[in-house]
Amino acid sequence: MRLLVTGGAGFIGSHYVRTLLGPGYPGCADARVTVLDALTYAGRRDNVPSAHPRLEFVEGDVCDRRLLRELLPGHDAVIHFAAESHVDRSLRSADPFVRTNIGGTQTLLSACRDAGVERVVHVSTDEVYGSIERGSWTEDSPLLPNSPYAASKAGADLLARAYHQAFGMDVSITRCANNYGPYQHPEKLIPLFITHLMEGLDLPLYGDGRNIRDWVHVDDHCRAVHLVLTQGGAGEVYNIGGGGERSNIEVTEELLRLCGADRSRVRYVADRAGHDRRYSLDDSRIRERLGYAPRVGFASGLAETVAWYHDHADWWKEVKHRAR
Ligand code: NAD
Ligand code: TDX
């Protein structure tokens with residue numbers, strides 16, 4: 001099997017690639033991987049091996065139709081992780097989000113169709129559904145995004161759906177909850193707070209800190225994406241949950257405990273514009289049809305993540321200070 005992984009130098013894409021080239025996934029021990037990544041502020045070449053007999057790394061843009069035309073032939077499937085991924089950045093400037101998330105997805109889908117690469121997994125997010133006070137979103141819930149990031153991902157989802165409906169392409173869509181784990185950019189809540197604690201800085205908690213997210217370890221997310229790649233239905237959408245709903249203040253308190261700090265380090269700051277109150281997914285479809293269940297408990301996953309950032313200060317310092 002030969003796979004093209006877009007965004008394979010980012011947090012989740014690189015975890016998927018390292019797993020494919022390392023321990024592997026069932027039935028994919030010999031998979032050859034092409035990573036296509038533009039190496040924006042969020043991507044790092046050394047998040048994946050510098051040389052590996054089954055890896056080809058291409059620095060390039062998913063909006064580059066000519067490059068895709070050259071690259072795609074010979075691949076069996078595409079796993080599309082590449083995106084602008086941070087909500088706060090999308091509130092400051094939405095243009096790169098529309099360009100990469102909507103424009104890039106359209107260019108990729110169209111190039112796949114031209115090249116006869118019909119199997120595509122489009123990696124999306126629970127944020128496309130918007131906020132939910134009670135209950136959980138199913139795959140049939142309406143898309144009601146509340147940030148430019150979420151709106152751009154919803155647009156990409158609709159394009160992915162349309163390529164299946166209109167052209168019969170074998171496209172599946174995944175919508176996962178909040179990820180955490182090693183190699184996550186320190187702009188996101190968990191690594192930002194871990195690294196701030198290590199640097200002696202206060203923790204900026206937005207609003208009243210009671211917004212709720214469901215946390216999924218990146219290893220569980222990637223395993224679910226791979227299940228969808230190998231067993232998912234054409235045109236199907238799969239929610240991926242973690243069973244770990246927590247308020248931001250609860251996550252913060254757990255991080256303070258793991259890092260040996262106290263609540264005096266928390267600083268309540270102005271709320272994020274349009275801040276979604278709660279995300280919650282009903283992921284019974286992927287559990288019942290594909291046998292998915294998260295394996296990493298939040299307490300142990302978070303403790304391992306804190307330990308990883310403690311052991312990899314060179315990695316995050318470079319990433320954190322380059323992004324400013
Ligand atoms: P990330 O920001 O860490 O990585 C994104 C990668 O895409 C980077 O390597 C970047 O260089 C690359 N990229 C950006 N623009 C590109 C372009 N135009 N062409 C080629 N490459 C480009 O993001 P992440 O957290 O790893 O998220 C990966 C995917 O998973 C995204 O599609 C995101 O929407 C989705 N997702 C993320 C989460 C989460 O909690 N992080 C949850 C659910 C879904
Ligand atoms: O400094 C902060 N203070 C704070 O209170 C930051 C960065 C975040 N927060 C809050 C906002 C959210 O309620 O923490 C929560 C998590 O924030 P982020 O880490 O920015 O994640 P979120 O906005 O929930 O989006 C994430 O999950 C879904 C990813 O960034 C998306 O790519 C993914 O689609």
# chains A, B, ... in the order shown; residues from 1 in each chain; ligands from 1
>>> residues_near_ligand(ligand="ligand 1", cutoff="6 Å", atoms="only C-alpha atoms and all ligand atoms", output="ChimeraX atom specification")
/A:7-13,37-40,42-43,60-63,81-85,100,123-125,176-179,185
>>> write_last_selection(atoms="N, CA and C atoms", output="compact mmCIF listing (two decimals), in the first residue's frame")
# COMPACT_ATOMS: atom_id res chain seq x y z
N GLY A 7 0.01 17.17 5.56
CA GLY A 7 0.17 17.66 6.93
C GLY A 7 0.89 16.68 7.83
N GLY A 8 1.72 15.83 7.22
CA GLY A 8 2.40 14.77 7.97
C GLY A 8 3.56 15.25 8.82
N ALA A 9 3.84 16.57 8.81
CA ALA A 9 4.88 17.11 9.70
C ALA A 9 4.27 17.85 10.88
N GLY A 10 2.94 17.85 10.97
CA GLY A 10 2.26 18.51 12.09
C GLY A 10 2.06 17.55 13.26
N PHE A 11 1.32 18.00 14.24
CA PHE A 11 1.12 17.23 15.47
C PHE A 11 0.49 15.84 15.20
N ILE A 12 -0.69 15.82 14.64
CA ILE A 12 -1.41 14.55 14.49
C ILE A 12 -0.87 13.76 13.29
N GLY A 13 -0.65 14.47 12.17
CA GLY A 13 -0.14 13.79 10.97
C GLY A 13 1.19 13.11 11.24
N ASP A 37 3.87 18.34 2.99
CA ASP A 37 3.66 19.34 4.04
C ASP A 37 4.37 20.63 3.65
N ALA A 38 3.67 21.75 3.87
CA ALA A 38 4.23 23.06 3.50
C ALA A 38 5.20 23.59 4.55
N LEU A 39 5.34 22.88 5.67
CA LEU A 39 6.21 23.34 6.77
C LEU A 39 5.91 24.79 7.12
N THR A 40 4.65 25.04 7.47
CA THR A 40 4.27 26.35 8.02
C THR A 40 4.83 26.43 9.43
N ALA A 42 3.58 25.56 11.94
CA ALA A 42 3.11 24.42 12.73
C ALA A 42 3.78 23.11 12.36
N GLY A 43 4.53 23.10 11.26
CA GLY A 43 5.11 21.83 10.80
C GLY A 43 6.61 21.81 11.00
N GLY A 60 5.78 20.96 0.27
CA GLY A 60 4.93 21.57 -0.75
C GLY A 60 3.54 21.84 -0.20
N ASP A 61 2.77 22.54 -1.03
CA ASP A 61 1.49 23.10 -0.59
C ASP A 61 0.33 22.28 -1.18
N VAL A 62 -0.69 22.03 -0.37
CA VAL A 62 -1.87 21.31 -0.90
C VAL A 62 -2.66 22.17 -1.88
N CYS A 63 -2.35 23.46 -1.95
CA CYS A 63 -3.02 24.31 -2.93
C CYS A 63 -2.31 24.28 -4.29
N PHE A 81 -4.58 15.47 6.49
CA PHE A 81 -4.50 16.17 7.77
C PHE A 81 -4.20 17.66 7.60
N ALA A 82 -3.58 18.04 6.49
CA ALA A 82 -3.05 19.41 6.38
C ALA A 82 -4.15 20.44 6.58
N ALA A 83 -3.88 21.40 7.46
CA ALA A 83 -4.84 22.47 7.73
C ALA A 83 -4.17 23.54 8.56
N GLU A 84 -4.75 24.71 8.52
CA GLU A 84 -4.51 25.70 9.58
C GLU A 84 -5.44 25.27 10.71
N SER A 85 -4.89 25.15 11.94
CA SER A 85 -5.63 24.40 12.96
C SER A 85 -5.94 25.16 14.25
N THR A 100 -6.14 27.42 2.85
CA THR A 100 -5.65 26.03 2.98
C THR A 100 -6.80 25.05 3.24
N VAL A 123 -9.69 14.44 7.34
CA VAL A 123 -9.63 14.50 8.80
C VAL A 123 -10.23 15.82 9.27
N SER A 124 -11.38 15.73 9.94
CA SER A 124 -12.04 16.95 10.39
C SER A 124 -12.23 16.94 11.91
N THR A 125 -13.11 17.78 12.39
CA THR A 125 -13.15 18.12 13.82
C THR A 125 -14.58 18.23 14.33
N CYS A 176 -13.05 14.41 14.94
CA CYS A 176 -12.52 14.02 16.25
C CYS A 176 -12.62 15.18 17.24
N ALA A 177 -12.67 14.80 18.50
CA ALA A 177 -12.65 15.77 19.60
C ALA A 177 -11.23 16.30 19.79
N ASN A 178 -11.02 17.11 20.84
CA ASN A 178 -9.71 17.74 21.11
C ASN A 178 -8.63 16.70 21.36
N ASN A 179 -7.52 16.83 20.64
CA ASN A 179 -6.38 15.92 20.82
C ASN A 179 -5.36 16.49 21.80
N HIS A 185 1.74 21.53 19.14
CA HIS A 185 2.29 22.90 19.14
C HIS A 185 1.89 23.61 20.43
>>> residues_near_ligand(ligand="ligand 2", cutoff="7 Å", atoms="only C-alpha atoms and all ligand atoms", output="number ranges by chain")
A: 85-88, 124-127, 177-179, 187-190, 192, 204-206, 209, 211-213, 248, 275-276
>>> atom_distance(atom1="CA of Ala273 in chain A", atom2="CA of Asp157 in chain A")
23.3 Å
>>> atom_distance(atom1="CA of Thr6 in chain A", atom2="CA of Val48 in chain A")
12.9 Å
>>> select_by_dssp(residues="range 20-246 of chain A", states="helix (DSSP H, G or I)", output="NGL selection string")
:A and (20-21 or 45-47 or 65-71 or 87-92 or 95-115 or 126-129 or 148-167 or 189-199 or 218-231)
>>> write_last_selection(atoms="C-alpha atoms", output="short mmCIF file (atom, residue, chain, number, x, y, z; two decimals), in the first residue's frame")
data_model
loop_
_atom_site.label_atom_id
_atom_site.label_comp_id
_atom_site.auth_asym_id
_atom_site.auth_seq_id
_atom_site.Cartn_x
_atom_site.Cartn_y
_atom_site.Cartn_z
CA LEU A 20 3.07 3.70 10.25
CA LEU A 21 6.87 3.61 9.97
CA ARG A 45 10.63 18.32 9.18
CA ASP A 46 12.21 16.51 12.12
CA ASN A 47 8.83 15.44 13.56
CA ARG A 65 -2.30 21.69 -8.29
CA ARG A 66 0.73 21.07 -10.50
CA LEU A 67 2.67 19.47 -7.66
CA LEU A 68 -0.29 17.25 -6.77
CA ARG A 69 -0.60 16.18 -10.39
CA GLU A 70 3.03 15.02 -10.29
CA LEU A 71 2.84 13.39 -6.87
CA VAL A 87 -8.96 28.86 16.53
CA ASP A 88 -7.29 31.96 18.03
CA ARG A 89 -5.21 32.52 14.89
CA SER A 90 -8.37 32.24 12.76
CA LEU A 91 -9.95 35.01 14.85
CA ARG A 92 -6.97 37.26 14.08
CA ASP A 95 -7.51 34.24 5.13
CA PRO A 96 -4.98 31.38 5.48
CA PHE A 97 -7.74 29.19 6.91
CA VAL A 98 -10.00 29.69 3.91
CA ARG A 99 -7.05 29.27 1.54
CA THR A 100 -5.65 26.03 2.98
CA ASN A 101 -8.67 24.39 4.60
CA ILE A 102 -11.21 25.08 1.86
CA GLY A 103 -9.04 25.88 -1.19
CA GLY A 104 -6.48 23.19 -0.39
CA THR A 105 -9.12 20.53 0.18
CA GLN A 106 -10.82 21.41 -3.13
CA THR A 107 -7.48 21.31 -5.00
CA LEU A 108 -6.59 17.99 -3.39
CA LEU A 109 -9.95 16.33 -4.07
CA SER A 110 -9.98 17.50 -7.66
CA ALA A 111 -6.37 16.34 -8.24
CA CYS A 112 -7.18 12.96 -6.67
CA ARG A 113 -10.11 12.56 -9.02
CA ASP A 114 -7.97 13.45 -12.05
CA ALA A 115 -5.23 11.01 -10.94
CA ASP A 126 -16.05 18.22 16.26
CA GLU A 127 -15.89 22.03 16.04
CA VAL A 128 -17.92 21.95 12.80
CA TYR A 129 -21.04 21.18 14.86
CA PRO A 148 -13.49 31.02 11.02
CA TYR A 149 -11.40 27.89 11.69
CA ALA A 150 -14.49 25.76 12.30
CA ALA A 151 -16.30 27.32 9.33
CA SER A 152 -13.36 26.56 7.04
CA LYS A 153 -13.29 22.94 8.23
CA ALA A 154 -17.07 22.68 7.71
CA GLY A 155 -16.61 24.00 4.17
CA ALA A 156 -13.96 21.36 3.54
CA ASP A 157 -16.27 18.65 4.92
CA LEU A 158 -19.02 19.71 2.54
CA LEU A 159 -16.63 19.56 -0.41
CA ALA A 160 -15.51 16.08 0.65
CA ARG A 161 -19.15 15.00 0.85
CA ALA A 162 -19.90 16.54 -2.55
CA TYR A 163 -17.03 14.67 -4.24
CA HIS A 164 -18.62 11.45 -3.06
CA GLN A 165 -22.17 12.44 -3.99
CA ALA A 166 -21.33 13.98 -7.37
CA PHE A 167 -18.43 11.84 -8.59
CA LEU A 189 -4.19 24.70 25.75
CA ILE A 190 -2.40 21.66 27.21
CA PRO A 191 1.13 22.20 25.84
CA LEU A 192 0.82 25.97 26.31
CA PHE A 193 0.06 25.49 30.00
CA ILE A 194 2.72 22.79 30.55
CA THR A 195 5.43 24.91 28.92
CA HIS A 196 4.25 28.12 30.65
CA LEU A 197 4.55 26.29 33.99
CA MET A 198 8.06 25.19 33.04
CA GLU A 199 8.98 28.78 32.10
CA VAL A 218 -3.43 11.50 19.61
CA ASP A 219 -2.61 7.78 19.46
CA ASP A 220 -6.31 6.88 19.77
CA HIS A 221 -7.24 9.46 17.12
CA CYS A 222 -4.67 8.11 14.65
CA ARG A 223 -5.77 4.51 15.24
CA ALA A 224 -9.36 5.58 14.55
CA VAL A 225 -8.33 7.37 11.34
CA HIS A 226 -6.54 4.22 10.21
CA LEU A 227 -9.61 2.09 10.96
CA VAL A 228 -11.64 4.46 8.81
CA LEU A 229 -9.03 4.31 6.04
CA THR A 230 -9.11 0.51 5.92
CA GLN A 231 -12.73 -0.25 6.86
#
>>> closest_residue(among="A:Asp262, A:Glu133, A:Asp208, A:Glu254", to="Gly301 in chain A", atoms="only C-alpha atoms")
A:Glu254
>>> atom_distance(atom1="CA of Ala303 in chain A", atom2="CA of Leu256 in chain A")
11.2 Å
>>> closest_residue(among="A:Arg44, A:His75, A:Arg175, A:Arg18", to="Leu281 in chain A", atoms="only C-alpha atoms")
A:Arg175
>>> residues_around(residues="Ser131 in chain A", least_positions_apart="5", cutoff="9 Å", atoms="only C-alpha atoms", output="list in words")
Leu144, Pro145, Asn146, His275, Asp276, Arg277, Arg278, Tyr279 and Ser280 of chain A
>>> residues_around(residues="range 25-35 of chain A", least_positions_apart="4", cutoff="6 Å", atoms="only C-alpha atoms", output="PyMOL selection string")
chain A and resi 1-6+8+54-58
>>> closest_residue(among="A:Met169, A:Leu258, A:Leu201, A:Val17", to="Val117 in chain A", atoms="only C-alpha atoms")
A:Met169
>>> select_by_dssp(residues="range 44-208 of chain A", states="strand (DSSP E)", output="compact mmCIF listing (two decimals) with N, CA and C atoms, in the first residue's frame")
# COMPACT_ATOMS: atom_id res chain seq x y z
N LEU A 55 9.77 6.07 3.49
CA LEU A 55 9.26 7.45 3.58
C LEU A 55 9.84 8.34 2.48
N GLU A 56 8.95 9.08 1.83
CA GLU A 56 9.40 10.18 0.96
C GLU A 56 8.79 11.47 1.51
N PHE A 57 9.63 12.47 1.75
CA PHE A 57 9.12 13.74 2.29
C PHE A 57 9.15 14.80 1.21
N VAL A 58 8.00 15.40 0.96
CA VAL A 58 7.92 16.45 -0.05
C VAL A 58 7.45 17.73 0.62
N GLU A 59 8.29 18.77 0.55
CA GLU A 59 7.87 20.06 1.08
C GLU A 59 7.06 20.76 0.01
N ALA A 77 -4.12 5.75 -1.64
CA ALA A 77 -5.05 6.52 -0.81
C ALA A 77 -4.36 7.77 -0.28
N VAL A 78 -5.19 8.73 0.10
CA VAL A 78 -4.70 9.98 0.70
C VAL A 78 -5.35 10.15 2.07
N ILE A 79 -4.53 10.49 3.06
CA ILE A 79 -5.07 10.86 4.37
C ILE A 79 -4.77 12.34 4.53
N HIS A 80 -5.83 13.12 4.63
CA HIS A 80 -5.70 14.59 4.51
C HIS A 80 -5.78 15.25 5.89
N ARG A 119 -9.58 6.86 -3.04
CA ARG A 119 -9.77 6.67 -1.59
C ARG A 119 -9.13 7.83 -0.83
N VAL A 120 -9.96 8.60 -0.16
CA VAL A 120 -9.48 9.77 0.60
C VAL A 120 -10.13 9.74 1.98
N VAL A 121 -9.31 9.93 3.03
CA VAL A 121 -9.87 10.18 4.35
C VAL A 121 -9.62 11.65 4.67
N HIS A 122 -10.70 12.37 4.85
CA HIS A 122 -10.61 13.79 5.19
C HIS A 122 -10.74 13.92 6.71
N VAL A 123 -9.69 14.44 7.34
CA VAL A 123 -9.63 14.50 8.80
C VAL A 123 -10.23 15.82 9.27
N SER A 124 -11.38 15.73 9.94
CA SER A 124 -12.04 16.95 10.39
C SER A 124 -12.23 16.94 11.91
N THR A 125 -13.11 17.78 12.39
CA THR A 125 -13.15 18.12 13.82
C THR A 125 -14.58 18.23 14.33
N ASP A 170 -14.51 7.64 -3.26
CA ASP A 170 -14.53 6.83 -2.02
C ASP A 170 -13.95 7.68 -0.87
N VAL A 171 -14.71 8.69 -0.49
CA VAL A 171 -14.23 9.63 0.53
C VAL A 171 -14.92 9.35 1.86
N SER A 172 -14.15 9.28 2.94
CA SER A 172 -14.73 9.23 4.29
C SER A 172 -14.25 10.45 5.07
N ILE A 173 -15.08 10.85 6.02
CA ILE A 173 -14.77 12.04 6.83
C ILE A 173 -14.72 11.62 8.30
N THR A 174 -13.67 12.06 9.02
CA THR A 174 -13.63 11.82 10.46
C THR A 174 -13.78 13.16 11.18
N ARG A 175 -14.48 13.13 12.31
CA ARG A 175 -14.63 14.35 13.13
C ARG A 175 -14.25 14.00 14.56
N CYS A 176 -13.05 14.41 14.94
CA CYS A 176 -12.52 14.02 16.25
C CYS A 176 -12.62 15.18 17.24
N ASN A 178 -11.02 17.11 20.84
CA ASN A 178 -9.71 17.74 21.11
C ASN A 178 -8.63 16.70 21.36
N ASN A 179 -7.52 16.83 20.64
CA ASN A 179 -6.38 15.92 20.82
C ASN A 179 -5.36 16.49 21.80
N TYR A 180 -4.61 15.60 22.43
CA TYR A 180 -3.45 16.01 23.22
C TYR A 180 -2.43 14.89 23.10
N LEU A 203 -0.88 31.12 33.85
CA LEU A 203 -1.70 30.39 32.87
C LEU A 203 -2.92 31.22 32.50
N PRO A 204 -3.03 31.67 31.25
CA PRO A 204 -4.18 32.50 30.85
C PRO A 204 -5.42 31.65 30.55
N LEU A 205 -6.34 31.65 31.50
CA LEU A 205 -7.56 30.85 31.32
C LEU A 205 -8.66 31.78 30.81
N TYR A 206 -9.25 31.40 29.68
CA TYR A 206 -10.24 32.29 29.05
C TYR A 206 -11.58 32.26 29.80
